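coords-v1.pdb follows (PDB, C-alpha atoms, pLDDT in the B column):
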ATOM      1  CA  MET H 990       7.482  23.555   1.554  1.00 45.00           C
ATOM      2  CA  ALA H 991       4.405  25.542   2.509  1.00 52.00           C
ATOM      3  CA  LEU H 992       1.746  23.721   4.503  1.00 53.00           C
ATOM      4  CA  ARG H 993      -1.846  24.324   3.491  1.00 56.00           C
ATOM      5  CA  THR H 994      -4.937  22.938   5.237  1.00 59.00           C
ATOM      6  CA  VAL H 995      -8.181  22.587   3.305  1.00 58.00           C
ATOM      7  CA  THR H 996     -11.571  21.764   4.858  1.00 62.00           C
ATOM      8  CA  LEU H 997     -14.113  20.252   2.495  1.00 63.00           C
ATOM      9  CA  SER H 998     -17.558  21.762   2.750  1.00 58.00           C
ATOM     10  CA  GLY H 999     -19.989  19.433   4.493  1.00 59.00           C
ATOM     11  CA  MET H1000     -17.258  16.919   5.287  1.00 61.00           C
ATOM     12  CA  SER H1001     -16.023  17.892   8.737  1.00 56.00           C
ATOM     13  CA  THR H1002     -15.916  14.213   9.745  1.00 66.00           C
ATOM     14  CA  LEU H1003     -13.315  13.223   7.158  1.00 67.00           C
ATOM     15  CA  PHE H1004     -11.087  10.266   8.099  1.00 69.00           C
ATOM     16  CA  PRO H1005      -8.688   9.758   5.158  1.00 71.00           C
ATOM     17  CA  THR H1006      -6.129   6.974   5.509  1.00 74.00           C
ATOM     18  CA  ILE H1007      -4.677   6.328   2.042  1.00 77.00           C
ATOM     19  CA  SER H1008      -4.231   8.561  -0.986  1.00 82.00           C
ATOM     20  CA  VAL H1009      -2.954   8.290  -4.563  1.00 87.00           C
ATOM     21  CA  THR H1010      -2.438  11.010  -7.163  1.00 87.00           C
ATOM     22  CA  ASP H1011      -1.747  11.441 -10.862  1.00 87.00           C
ATOM     23  CA  GLY H1012      -0.638  15.048 -10.545  1.00 84.00           C
ATOM     24  CA  ASN H1013      -4.040  16.428 -11.572  1.00 90.00           C
ATOM     25  CA  TYR H1014      -6.232  14.736  -8.962  1.00 92.00           C
ATOM     26  CA  VAL H1015      -5.824  13.051  -5.615  1.00 91.00           C
ATOM     27  CA  TRP H1016      -7.999  10.137  -4.484  1.00 93.00           C
ATOM     28  CA  LEU H1017      -8.626   9.624  -0.752  1.00 91.00           C
ATOM     29  CA  SER H1018      -9.805   6.515   1.031  1.00 91.00           C
ATOM     30  CA  ASP H1019     -12.161   7.884   3.704  1.00 90.00           C
ATOM     31  CA  THR H1020     -12.094   4.696   5.732  1.00 89.00           C
ATOM     32  CA  ILE H1021     -14.478   5.312   8.617  1.00 89.00           C
ATOM     33  CA  ASN H1022     -17.081   6.930   6.348  1.00 91.00           C
ATOM     34  CA  ASN H1023     -16.835   4.038   3.837  1.00 95.00           C
ATOM     35  CA  ARG H1024     -16.276   6.241   0.805  1.00 94.00           C
ATOM     36  CA  ILE H1025     -13.719   7.344  -1.779  1.00 95.00           C
ATOM     37  CA  LEU H1026     -13.154  11.010  -2.611  1.00 93.00           C
ATOM     38  CA  GLN H1027     -11.640  12.487  -5.757  1.00 94.00           C
ATOM     39  CA  LEU H1028     -10.194  15.980  -5.296  1.00 91.00           C
ATOM     40  CA  GLY H1029      -8.874  18.371  -7.920  1.00 91.00           C
ATOM     41  CA  LEU H1030      -5.393  19.823  -7.653  1.00 86.00           C
ATOM     42  CA  PRO H1031      -4.080  22.255  -6.584  1.00 82.00           C
ATOM     43  CA  ASP H1032      -7.183  23.615  -4.816  1.00 82.00           C
ATOM     44  CA  LEU H1033      -8.376  20.227  -3.477  1.00 82.00           C
ATOM     45  CA  ASN H1034     -11.926  20.883  -4.611  1.00 88.00           C
ATOM     46  CA  LEU H1035     -14.277  17.904  -4.406  1.00 90.00           C
ATOM     47  CA  VAL H1036     -14.852  16.359  -7.855  1.00 94.00           C
ATOM     48  CA  HIS H1037     -16.515  13.016  -7.088  1.00 95.00           C
ATOM     49  CA  CYS H1038     -17.521  10.971  -4.048  1.00 94.00           C
ATOM     50  CA  MET H1039     -18.400   7.278  -4.106  1.00 95.00           C
ATOM     51  CA  GLY H1040     -19.481   4.813  -1.468  1.00 95.00           C
ATOM     52  CA  SER H1041     -21.658   4.196   1.563  1.00 95.00           C
ATOM     53  CA  PHE H1042     -21.777   1.436   4.159  1.00 96.00           C
ATOM     54  CA  GLY H1043     -22.746  -1.941   2.751  1.00 96.00           C
ATOM     55  CA  ASP H1044     -21.659  -4.869   0.615  1.00 96.00           C
ATOM     56  CA  LYS H1045     -23.603  -4.187  -2.582  1.00 96.00           C
ATOM     57  CA  GLU H1046     -22.460  -2.513  -5.803  1.00 96.00           C
ATOM     58  CA  GLY H1047     -21.346   1.043  -5.061  1.00 95.00           C
ATOM     59  CA  GLN H1048     -20.988   0.308  -1.336  1.00 97.00           C
ATOM     60  CA  LEU H1049     -17.860  -0.153   0.793  1.00 97.00           C
ATOM     61  CA  PHE H1050     -16.962  -1.416   4.248  1.00 96.00           C
ATOM     62  CA  VAL H1051     -13.708   0.022   5.644  1.00 95.00           C
ATOM     63  CA  PRO H1052     -11.930   0.853   2.364  1.00 94.00           C
ATOM     64  CA  SER H1053      -8.185   1.201   2.749  1.00 92.00           C
ATOM     65  CA  GLY H1054      -5.505   0.765   0.077  1.00 91.00           C
ATOM     66  CA  LEU H1055      -5.743   2.395  -3.356  1.00 93.00           C
ATOM     67  CA  ALA H1056      -3.908   1.781  -6.621  1.00 93.00           C
ATOM     68  CA  LEU H1057      -4.149   3.859  -9.787  1.00 92.00           C
ATOM     69  CA  VAL H1058      -3.464   2.412 -13.252  1.00 92.00           C
ATOM     70  CA  ASP H1059      -4.257   4.756 -16.152  1.00 91.00           C
ATOM     71  CA  ASP H1060      -8.026   5.353 -15.910  1.00 94.00           C
ATOM     72  CA  THR H1061      -8.666   2.551 -13.412  1.00 95.00           C
ATOM     73  CA  LEU H1062      -8.787   2.930  -9.632  1.00 96.00           C
ATOM     74  CA  TYR H1063      -8.471  -0.204  -7.499  1.00 96.00           C
ATOM     75  CA  ILE H1064      -9.849  -0.065  -3.936  1.00 97.00           C
ATOM     76  CA  ALA H1065      -9.083  -2.496  -1.117  1.00 96.00           C
ATOM     77  CA  ASP H1066     -12.604  -2.974   0.291  1.00 96.00           C
ATOM     78  CA  THR H1067     -11.177  -4.553   3.414  1.00 94.00           C
ATOM     79  CA  GLU H1068     -14.106  -5.772   5.479  1.00 94.00           C
ATOM     80  CA  ASN H1069     -16.076  -6.822   2.397  1.00 95.00           C
ATOM     81  CA  GLN H1070     -13.085  -9.035   1.552  1.00 93.00           C
ATOM     82  CA  ARG H1071     -12.798  -7.854  -2.040  1.00 95.00           C
ATOM     83  CA  VAL H1072     -10.984  -5.458  -4.354  1.00 96.00           C
ATOM     84  CA  VAL H1073     -13.296  -2.966  -6.044  1.00 97.00           C
ATOM     85  CA  VAL H1074     -12.591  -1.640  -9.541  1.00 97.00           C
ATOM     86  CA  THR H1075     -13.864   1.798 -10.576  1.00 97.00           C
ATOM     87  CA  ASP H1076     -13.336   4.339 -13.321  1.00 97.00           C
ATOM     88  CA  ALA H1077     -10.740   6.667 -11.838  1.00 96.00           C
ATOM     89  CA  HIS H1078     -12.217   9.864 -13.285  1.00 95.00           C
ATOM     90  CA  THR H1079     -15.884   9.252 -12.550  1.00 97.00           C
ATOM     91  CA  LEU H1080     -15.675   6.698  -9.699  1.00 97.00           C
ATOM     92  CA  ARG H1081     -18.272   4.643 -11.535  1.00 97.00           C
ATOM     93  CA  TRP H1082     -18.373   0.990 -10.513  1.00 97.00           C
ATOM     94  CA  ARG H1083     -16.719  -1.480 -12.901  1.00 96.00           C
ATOM     95  CA  GLY H1084     -16.761  -4.575 -10.731  1.00 96.00           C
ATOM     96  CA  SER H1085     -14.985  -6.383  -7.907  1.00 96.00           C
ATOM     97  CA  PHE H1086     -12.967  -9.537  -7.345  1.00 94.00           C
ATOM     98  CA  ARG H1087     -11.551 -11.780  -4.643  1.00 89.00           C
ATOM     99  CA  PRO H1088      -9.437 -14.959  -4.700  1.00 84.00           C
ATOM    100  CA  ASP H1089     -10.992 -18.399  -4.746  1.00 77.00           C
ATOM    101  CA  PRO H1090     -11.448 -19.866  -1.210  1.00 72.00           C
ATOM    102  CA  THR H1091      -8.911 -22.562  -2.069  1.00 69.00           C
ATOM    103  CA  VAL H1092      -6.300 -19.808  -2.379  1.00 64.00           C
ATOM    104  CA  THR H1093      -7.103 -18.257   0.990  1.00 59.00           C
ATOM    105  CA  GLN H1094      -7.450 -21.730   2.544  1.00 59.00           C
ATOM    106  CA  LYS H1095     -10.975 -20.753   3.602  1.00 58.00           C
ATOM    107  CA  LYS H1096      -9.616 -18.107   5.946  1.00 69.00           C
ATOM    108  CA  LYS H1097     -10.952 -14.569   6.038  1.00 78.00           C
ATOM    109  CA  TRP H1098      -9.276 -12.480   3.331  1.00 85.00           C
ATOM    110  CA  THR H1099      -8.787  -8.840   4.280  1.00 88.00           C
ATOM    111  CA  PRO H1100      -7.078  -6.842   1.520  1.00 92.00           C
ATOM    112  CA  ARG H1101      -5.428  -3.804   3.053  1.00 90.00           C
ATOM    113  CA  PHE H1102      -2.781  -2.341   0.756  1.00 91.00           C
ATOM    114  CA  LEU H1103      -2.320  -2.343  -3.001  1.00 93.00           C
ATOM    115  CA  ALA H1104       0.635  -1.826  -5.316  1.00 93.00           C
ATOM    116  CA  VAL H1105       1.100  -2.162  -9.058  1.00 92.00           C
ATOM    117  CA  LEU H1106       4.168  -3.816 -10.566  1.00 90.00           C
ATOM    118  CA  GLY H1107       4.091  -3.971 -14.353  1.00 87.00           C
ATOM    119  CA  ASP H1108       0.760  -5.497 -15.341  1.00 90.00           C
ATOM    120  CA  GLU H1109       0.185  -7.128 -11.950  1.00 93.00           C
ATOM    121  CA  LEU H1110      -1.725  -5.918  -8.877  1.00 95.00           C
ATOM    122  CA  ILE H1111      -0.129  -6.870  -5.547  1.00 93.00           C
ATOM    123  CA  VAL H1112      -2.516  -7.143  -2.590  1.00 93.00           C
ATOM    124  CA  ALA H1113      -1.346  -7.235   1.033  1.00 89.00           C
ATOM    125  CA  ASP H1114      -3.655  -9.568   2.942  1.00 81.00           C
ATOM    126  CA  GLY H1115      -4.072  -8.424   6.528  1.00 75.00           C
ATOM    127  CA  SER H1116      -5.541 -11.679   7.815  1.00 71.00           C
ATOM    128  CA  THR H1117      -2.828 -14.081   6.657  1.00 68.00           C
ATOM    129  CA  THR H1118       0.008 -11.539   6.361  1.00 65.00           C
ATOM    130  CA  SER H1119       0.688 -12.728   2.825  1.00 73.00           C
ATOM    131  CA  LEU H1120       0.863 -11.050  -0.563  1.00 86.00           C
ATOM    132  CA  LYS H1121      -1.422 -12.163  -3.385  1.00 90.00           C
ATOM    133  CA  VAL H1122      -0.953 -11.282  -7.041  1.00 92.00           C
ATOM    134  CA  PHE H1123      -3.723 -10.623  -9.589  1.00 94.00           C
ATOM    135  CA  ASP H1124      -3.695  -9.542 -13.206  1.00 92.00           C
ATOM    136  CA  GLY H1125      -5.403  -6.362 -14.354  1.00 85.00           C
ATOM    137  CA  ASP H1126      -8.689  -8.200 -14.901  1.00 88.00           C
ATOM    138  CA  GLY H1127      -8.788  -9.499 -11.338  1.00 91.00           C
ATOM    139  CA  SER H1128      -7.757 -13.083 -12.080  1.00 92.00           C
ATOM    140  CA  PHE H1129      -5.636 -14.651  -9.367  1.00 91.00           C
ATOM    141  CA  VAL H1130      -2.044 -15.321 -10.454  1.00 91.00           C
ATOM    142  CA  ARG H1131      -0.008 -16.490  -7.451  1.00 88.00           C
ATOM    143  CA  VAL H1132       0.909 -16.023  -3.792  1.00 85.00           C
ATOM    144  CA  ILE H1133       4.206 -14.346  -2.964  1.00 83.00           C
ATOM    145  CA  PRO H1134       5.876 -16.609  -0.373  1.00 72.00           C
ATOM    146  CA  PHE H1135       7.475 -15.203   2.721  1.00 60.00           C
ATOM    147  CA  GLN H1136      11.092 -15.813   3.570  1.00 55.00           C
ATOM    148  CA  THR H1137      11.573 -18.837   5.846  1.00 44.00           C
ATOM    149  CA  GLY H1138      14.247 -19.785   8.324  1.00 42.00           C
ATOM    150  CA  LYS H1139      16.408 -22.919   8.408  1.00 42.00           C
ATOM    151  CA  THR H1140      13.693 -24.886  10.193  1.00 41.00           C
ATOM    152  CA  GLY H1141      11.115 -23.961   7.569  1.00 40.00           C
ATOM    153  CA  MET H1142       9.253 -21.805  10.073  1.00 40.00           C
ATOM    154  CA  ARG H1143       8.132 -18.394   8.848  1.00 44.00           C
ATOM    155  CA  LEU H1144      10.272 -15.592  10.263  1.00 44.00           C
ATOM    156  CA  PRO H1145       8.529 -13.318  12.786  1.00 46.00           C
ATOM    157  CA  HIS H1146       6.843 -10.307  11.230  1.00 51.00           C
ATOM    158  CA  THR H1147       3.866  -8.082  11.834  1.00 64.00           C
ATOM    159  CA  LEU H1148       0.991  -6.950   9.673  1.00 73.00           C
ATOM    160  CA  PRO H1149       1.932  -4.610   6.818  1.00 80.00           C
ATOM    161  CA  LEU H1150       1.104  -0.986   7.548  1.00 81.00           C
ATOM    162  CA  GLY H1151       2.096   0.349   4.155  1.00 85.00           C
ATOM    163  CA  MET H1152       3.229  -0.866   0.740  1.00 89.00           C
ATOM    164  CA  ALA H1153       4.583   0.788  -2.391  1.00 89.00           C
ATOM    165  CA  ALA H1154       6.146  -0.338  -5.653  1.00 88.00           C
ATOM    166  CA  CYS H1155       9.701   0.757  -6.333  1.00 84.00           C
ATOM    167  CA  GLY H1156      11.002  -0.328  -9.726  1.00 81.00           C
ATOM    168  CA  GLU H1157      10.633  -4.110  -9.766  1.00 81.00           C
ATOM    169  CA  TRP H1158      10.529  -4.367  -5.965  1.00 85.00           C
ATOM    170  CA  LEU H1159       8.089  -3.846  -3.123  1.00 88.00           C
ATOM    171  CA  LEU H1160       8.674  -1.594  -0.140  1.00 88.00           C
ATOM    172  CA  ILE H1161       6.715  -2.635   2.950  1.00 87.00           C
ATOM    173  CA  THR H1162       6.438  -1.034   6.366  1.00 84.00           C
ATOM    174  CA  GLU H1163       5.592  -2.936   9.515  1.00 80.00           C
ATOM    175  CA  ARG H1164       5.262  -1.434  12.964  1.00 77.00           C
ATOM    176  CA  ARG H1165       8.990  -1.205  13.601  1.00 76.00           C
ATOM    177  CA  ARG H1166      10.509  -2.472  10.390  1.00 79.00           C
ATOM    178  CA  PHE H1167      11.007  -1.201   6.851  1.00 82.00           C
ATOM    179  CA  LYS H1168      11.850  -3.865   4.297  1.00 83.00           C
ATOM    180  CA  ILE H1169      12.347  -4.493   0.611  1.00 84.00           C
ATOM    181  CA  VAL H1170      10.669  -7.606  -0.804  1.00 85.00           C
ATOM    182  CA  CYS H1171      11.302  -9.497  -4.020  1.00 83.00           C
ATOM    183  CA  PRO H1172       7.865 -10.079  -5.629  1.00 84.00           C
ATOM    184  CA  VAL H1173       9.048 -13.327  -7.198  1.00 80.00           C
ATOM    185  CA  THR H1174      10.811 -15.180  -4.378  1.00 78.00           C
ATOM    186  CA  GLY H1175       9.434 -13.316  -1.369  1.00 79.00           C
ATOM    187  CA  HIS H1176      12.984 -12.755  -0.091  1.00 80.00           C
ATOM    188  CA  GLU H1177      12.949  -9.804   2.277  1.00 79.00           C
ATOM    189  CA  THR H1178      15.654  -7.628   3.765  1.00 78.00           C
ATOM    190  CA  GLY H1179      15.154  -5.056   6.486  1.00 77.00           C
ATOM    191  CA  LEU H1180      16.542  -1.563   6.011  1.00 73.00           C
ATOM    192  CA  PRO H1181      17.886   0.387   9.012  1.00 69.00           C
ATOM    193  CA  LEU H1182      16.026   3.431  10.260  1.00 65.00           C
ATOM    194  CA  PRO H1183      17.296   5.823  12.954  1.00 60.00           C
ATOM    195  CA  TYR H1184      15.448   5.727  16.288  1.00 53.00           C
ATOM    196  CA  VAL H1185      12.676   3.553  14.876  1.00 51.00           C
ATOM    197  CA  SER H1186      12.547   1.460  18.075  1.00 49.00           C
ATOM    198  CA  THR H1187      10.780   4.379  19.753  1.00 45.00           C
ATOM    199  CA  GLY H1188       8.263   4.891  16.978  1.00 57.00           C
ATOM    200  CA  SER H1189       5.564   3.153  15.022  1.00 76.00           C
ATOM    201  CA  LEU H1190       5.929   3.086  11.248  1.00 78.00           C
ATOM    202  CA  LYS H1191       2.953   3.854   9.033  1.00 80.00           C
ATOM    203  CA  GLY H1192       2.740   4.345   5.285  1.00 81.00           C
ATOM    204  CA  VAL H1193       5.426   4.371   2.622  1.00 84.00           C
ATOM    205  CA  SER H1194       5.402   6.188  -0.709  1.00 83.00           C
ATOM    206  CA  VAL H1195       7.835   6.685  -3.568  1.00 82.00           C
ATOM    207  CA  ASP H1196       8.466   9.896  -5.482  1.00 78.00           C
ATOM    208  CA  HIS H1197       9.626   8.321  -8.730  1.00 75.00           C
ATOM    209  CA  ALA H1198      10.511  11.660 -10.328  1.00 75.00           C
ATOM    210  CA  ALA H1199      12.842  12.622  -7.474  1.00 72.00           C
ATOM    211  CA  ASN H1200      13.972   9.020  -6.737  1.00 73.00           C
ATOM    212  CA  ILE H1201      13.094   9.327  -3.048  1.00 77.00           C
ATOM    213  CA  ALA H1202      11.181   6.891  -0.822  1.00 80.00           C
ATOM    214  CA  TYR H1203       9.390   8.322   2.213  1.00 80.00           C
ATOM    215  CA  VAL H1204       8.474   6.344   5.328  1.00 81.00           C
ATOM    216  CA  VAL H1205       6.080   7.823   7.891  1.00 79.00           C
ATOM    217  CA  ASP H1206       7.202   7.216  11.483  1.00 76.00           C
ATOM    218  CA  GLY H1207       4.069   8.112  13.418  1.00 74.00           C
ATOM    219  CA  GLY H1208       5.381   7.312  16.883  1.00 72.00           C
ATOM    220  CA  GLY H1209       8.619   9.173  16.247  1.00 71.00           C
ATOM    221  CA  HIS H1210       6.832  12.203  14.705  1.00 72.00           C
ATOM    222  CA  ARG H1211       9.140  12.187  11.705  1.00 74.00           C
ATOM    223  CA  VAL H1212       9.436  11.181   8.073  1.00 75.00           C
ATOM    224  CA  HIS H1213      12.403   9.091   6.951  1.00 76.00           C
ATOM    225  CA  ALA H1214      13.706   9.701   3.428  1.00 77.00           C
ATOM    226  CA  PHE H1215      15.737   7.225   1.361  1.00 76.00           C
ATOM    227  CA  ASP H1216      17.508   7.855  -1.923  1.00 75.00           C
ATOM    228  CA  VAL H1217      16.378   5.317  -4.492  1.00 73.00           C
ATOM    229  CA  ILE H1218      19.416   4.019  -6.382  1.00 65.00           C
ATOM    230  CA  ASP H1219      18.934   2.543  -9.834  1.00 50.00           C
ATOM    231  CA  THR H1220      20.709  -0.739  -9.155  1.00 36.00           C
ATOM    232  CA  THR H1221      19.567  -4.327  -8.855  1.00 35.00           C
ATOM    233  CA  PRO H1222      18.683  -5.289  -5.262  1.00 34.00           C
ATOM    234  CA  MET H1223      20.784  -8.120  -3.880  1.00 34.00           C
ATOM    235  CA  PRO H1224      20.160 -10.589  -1.037  1.00 32.00           C
ATOM    236  CA  ARG H1225      21.662  -9.495   2.239  1.00 30.00           C
ATOM    237  CA  SER H1226      24.761 -11.271   3.507  1.00 33.00           C
ATOM    238  CA  GLU H1227      27.031 -10.730   6.472  1.00 30.00           C
ATOM    239  CA  ASN H1228      29.609  -8.999   4.295  1.00 27.00           C
ATOM    240  CA  ARG H1229      27.249  -6.884   2.201  1.00 28.00           C
ATOM    241  CA  GLN H1230      26.003  -3.437   3.094  1.00 30.00           C
ATOM    242  CA  VAL H1231      22.290  -2.751   2.820  1.00 31.00           C
ATOM    243  CA  SER H1232      23.070   0.218   0.539  1.00 32.00           C
ATOM    244  CA  ALA H1233      23.576  -2.370  -2.209  1.00 29.00           C
ATOM    245  CA  MET H1234      19.908  -3.274  -1.953  1.00 34.00           C
ATOM    246  CA  GLY H1235      18.885  -0.566  -4.405  1.00 37.00           C
ATOM    247  CA  ILE H1236      17.838   1.873  -1.687  1.00 39.00           C
ATOM    248  CA  GLY H1237      20.678   3.901  -0.226  1.00 38.00           C
ATOM    249  CA  SER H1238      20.377   3.345   3.504  1.00 34.00           C
ATOM    250  CA  SER H1239      23.333   5.637   4.119  1.00 29.00           C
ATOM    251  CA  ALA H1240      21.211   8.479   2.754  1.00 31.00           C
ATOM    252  CA  ALA H1241      18.444   7.928   5.292  1.00 33.00           C
ATOM    253  CA  VAL H1242      17.579  11.050   7.224  1.00 32.00           C
ATOM    254  CA  ALA H1243      15.081  11.791   9.971  1.00 32.00           C
ATOM    255  CA  ARG H1244      13.041  14.823   9.079  1.00 33.00           C
ATOM    256  CA  SER H1245      11.069  16.355  11.894  1.00 30.00           C
ATOM    257  CA  SER H1246       7.463  17.005  11.071  1.00 33.00           C
TER     258      SER H1246
END
Using structure tokens, write down the structure from this file.
Amino acid sequence: MALRTVTLSGMSTLFPTISVTDGNYVWLSDTINNRILQLGLPDLNLVHCMGSFGDKEGQLFVPSGLALVDDTLYIADTENQRVVVTDAHTLRWRGSFRPDPTVTQKKKWTPRFLAVLGDELIVADGSTTSLKVFDGDGSFVRVIPFQTGKTGMRLPHTLPLGMAACGEWLLITERRRFKIVCPVTGHETGLPLPYVSTGSLKGVSVDHAANIAYVVDGGGHRVHAFDVIDTTPMPRSENRQVSAMGIGSSAAVARSS
């Protein structure tokens, strides 16, 4: 694969963190500059730019996760504690939403990563390390519970650093763990990665056409690739291999960057 670097005119201070694409365009979350960019493919020419610092309509404060559904672009406006909805092809403002304070238990809600499963939008909340589910109109649906231990205490985990939908399941990266999560029960199972103890995991993405899931291992300077197997994920047991989880762990490879 040929590597090509493109510098956008007048945007030397670009700090993209998250991107989504539909094959014709790519949308970038320029986090530090509080804006969203739409670039045309394959030349990566700037088509639209939206956002500036603030909490009003058309403004953003540390935007992060993005999700694309047809002609709608959802933006995790993290520090404004809301999800912004725009027209994907013009970046025109359509509105924003956040859960009722009774849902967040009056704690700060910091949406960080977004994923779409069917007609539902899954939001990873960085302040409570929980997942919240909304419908396409922004109405709150439910909280996805985390797996608990025998004592009822929540199992140790870290903040999500990436999230992607894979069939009917969620793939989530934490600093040193890659896991598959059931969006109904919250049951989670970790998937083995080579040498991950020396690295720090970042984002995860799924190439649905090629049936491959990619996990960025920033500290290890590599990308891990998993074959996505079209089977039903199953809860892990002592006698069951993780390859039965619907993602072939035996096919994991470390690809040097």
Step by step, gather every atom of region 1195-1210 of chain H that the file lists, find the box along x, y and z that holds them, add 6 Å on each side, and finally give centre and edge lengths in Å to one decimal, as JSON.
{"center_x": 9.0, "center_y": 9.5, "center_z": 3.3, "size_x": 21.9, "size_y": 18.3, "size_z": 39.2}
- Note on the structure: In Å and to one decimal, CA of Leu1110 (chain H) is distant from CA of Ala1198 (chain H) by 21.5 Å
For the structure provided, state which residues fall under the PyMOL selection byres ((chain H and resi 1077-1083) around 9), and present them as a short mmCIF file (atom, residue, chain, number, x, y, z; two decimals) with C-alpha atoms, in the frame of the given file.
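The new file out14.cif reads:
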data_model
loop_
_atom_site.label_atom_id
_atom_site.label_comp_id
_atom_site.auth_asym_id
_atom_site.auth_seq_id
_atom_site.Cartn_x
_atom_site.Cartn_y
_atom_site.Cartn_z
CA TYR H 1014 -6.23 14.74 -8.96
CA TRP H 1016 -8.00 10.14 -4.48
CA ILE H 1025 -13.72 7.34 -1.78
CA LEU H 1026 -13.15 11.01 -2.61
CA GLN H 1027 -11.64 12.49 -5.76
CA VAL H 1036 -14.85 16.36 -7.86
CA HIS H 1037 -16.52 13.02 -7.09
CA CYS H 1038 -17.52 10.97 -4.05
CA MET H 1039 -18.40 7.28 -4.11
CA GLU H 1046 -22.46 -2.51 -5.80
CA GLY H 1047 -21.35 1.04 -5.06
CA LEU H 1057 -4.15 3.86 -9.79
CA VAL H 1058 -3.46 2.41 -13.25
CA ASP H 1059 -4.26 4.76 -16.15
CA ASP H 1060 -8.03 5.35 -15.91
CA THR H 1061 -8.67 2.55 -13.41
CA LEU H 1062 -8.79 2.93 -9.63
CA TYR H 1063 -8.47 -0.20 -7.50
CA VAL H 1073 -13.30 -2.97 -6.04
CA VAL H 1074 -12.59 -1.64 -9.54
CA THR H 1075 -13.86 1.80 -10.58
CA ASP H 1076 -13.34 4.34 -13.32
CA GLY H 1084 -16.76 -4.58 -10.73
CA SER H 1085 -14.98 -6.38 -7.91
#
- Using only C-alpha atoms, the shortest atom-to-atom distance to Tyr1203 (chain H) among H:Ala1153, H:Ala1113, H:Leu1159, H:Leu1030 belongs to H:Ala1153
- Note on the structure: Atom pair CA of Ile1133 (chain H) + CA of Ser1119 (chain H), distance 7.0 Å
- Task: Would you please work out which residue, of H:Leu1028, H:Val1015, H:Val1130, H:Ile1007, is nearest to Ser1194 (chain H) when using all atoms listed in the file?
- Result: H:Ile1007
- Message: Here's the selection I'm unsure about, the PyMOL selection byres ((chain H and resi 1201) around 9); applied to the file above, which residues does it give, as a PyMOL selection string?
- Response: chain H and resi 1194-1200+1202-1203+1214-1218+1236
I'd like the neighbourhood of Val1205 (chain H) as an mmCIF file with C-alpha atoms, in the frame of the given file, where a residue qualifies if any of its atoms comes within 10 Å (using all atoms listed in the file), though same-chain residues fewer than 2 positions away should be ignored.
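result_21.cif written:
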data_model
loop_
_atom_site.group_PDB
_atom_site.id
_atom_site.type_symbol
_atom_site.label_atom_id
_atom_site.label_comp_id
_atom_site.auth_asym_id
_atom_site.auth_seq_id
_atom_site.Cartn_x
_atom_site.Cartn_y
_atom_site.Cartn_z
ATOM 1 C CA GLY H 1151 2.096 0.349 4.155
ATOM 2 C CA THR H 1162 6.438 -1.034 6.366
ATOM 3 C CA GLY H 1188 8.263 4.891 16.978
ATOM 4 C CA SER H 1189 5.564 3.153 15.022
ATOM 5 C CA LEU H 1190 5.929 3.086 11.248
ATOM 6 C CA LYS H 1191 2.953 3.854 9.033
ATOM 7 C CA GLY H 1192 2.740 4.345 5.285
ATOM 8 C CA VAL H 1193 5.426 4.371 2.622
ATOM 9 C CA SER H 1194 5.402 6.188 -0.709
ATOM 10 C CA TYR H 1203 9.390 8.322 2.213
ATOM 11 C CA GLY H 1207 4.069 8.112 13.418
ATOM 12 C CA GLY H 1208 5.381 7.312 16.883
ATOM 13 C CA GLY H 1209 8.619 9.173 16.247
ATOM 14 C CA HIS H 1210 6.832 12.203 14.705
ATOM 15 C CA ARG H 1211 9.140 12.187 11.705
ATOM 16 C CA VAL H 1212 9.436 11.181 8.073
ATOM 17 C CA HIS H 1213 12.403 9.091 6.951
ATOM 18 C CA ALA H 1214 13.706 9.701 3.428
ATOM 19 C CA ARG H 1244 13.041 14.823 9.079
ATOM 20 C CA SER H 1246 7.463 17.005 11.071
#
Assuming the chain letters and numbering stay as they are in my file, what does the PyMOL selection byres ((chain H and resi 1053) around 6) actually select? List them as a compact mmCIF listing (two decimals) with C-alpha atoms, keeping the file's coordinate frame.
# COMPACT_ATOMS: atom_id res chain seq x y z
CA SER H 1018 -9.80 6.52 1.03
CA PRO H 1052 -11.93 0.85 2.36
CA GLY H 1054 -5.50 0.76 0.08
CA ALA H 1065 -9.08 -2.50 -1.12
CA ARG H 1101 -5.43 -3.80 3.05
- Message: Within 9 Å of (5.5, -4.1, 6.9) in the file's own coordinates, which protein, DNA or RNA residues have an atom, counting all atoms listed in the file? List them as JSON, numbers by chain.
- Response: {"H": [1146, 1147, 1148, 1149, 1150, 1151, 1152, 1160, 1161, 1162, 1163, 1164, 1165, 1166, 1167, 1168, 1190, 1191]}
- Message: Report as a ChimeraX atom specification all protein, DNA and RNA residues lying within 7 Å of Thr1020 (chain H), evaluated on all atoms listed in the file, omitting residues in the same chain fewer than 3 positions from it.
- Response: /H:1004-1006,1023-1024,1051-1053
Would you output that residue set with C-alpha atoms, as an mmCIF file, in the frame of the given file?
data_model
loop_
_atom_site.group_PDB
_atom_site.id
_atom_site.type_symbol
_atom_site.label_atom_id
_atom_site.label_comp_id
_atom_site.auth_asym_id
_atom_site.auth_seq_id
_atom_site.Cartn_x
_atom_site.Cartn_y
_atom_site.Cartn_z
ATOM 1 C CA PHE H 1004 -11.087 10.266 8.099
ATOM 2 C CA PRO H 1005 -8.688 9.758 5.158
ATOM 3 C CA THR H 1006 -6.129 6.974 5.509
ATOM 4 C CA ASN H 1023 -16.835 4.038 3.837
ATOM 5 C CA ARG H 1024 -16.276 6.241 0.805
ATOM 6 C CA VAL H 1051 -13.708 0.022 5.644
ATOM 7 C CA PRO H 1052 -11.930 0.853 2.364
ATOM 8 C CA SER H 1053 -8.185 1.201 2.749
#
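Among the candidate residues H:Phe1050, H:Phe1123, H:Phe1129, H:Trp1158, the one lying nearest to Thr1174 (chain H) is H:Trp1158, with distances computed using only C-alpha atoms.
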- In Å, with one decimal, what is the gap from CA of Gly1127 (chain H) to CA of Gly1040 (chain H)? 20.4 Å
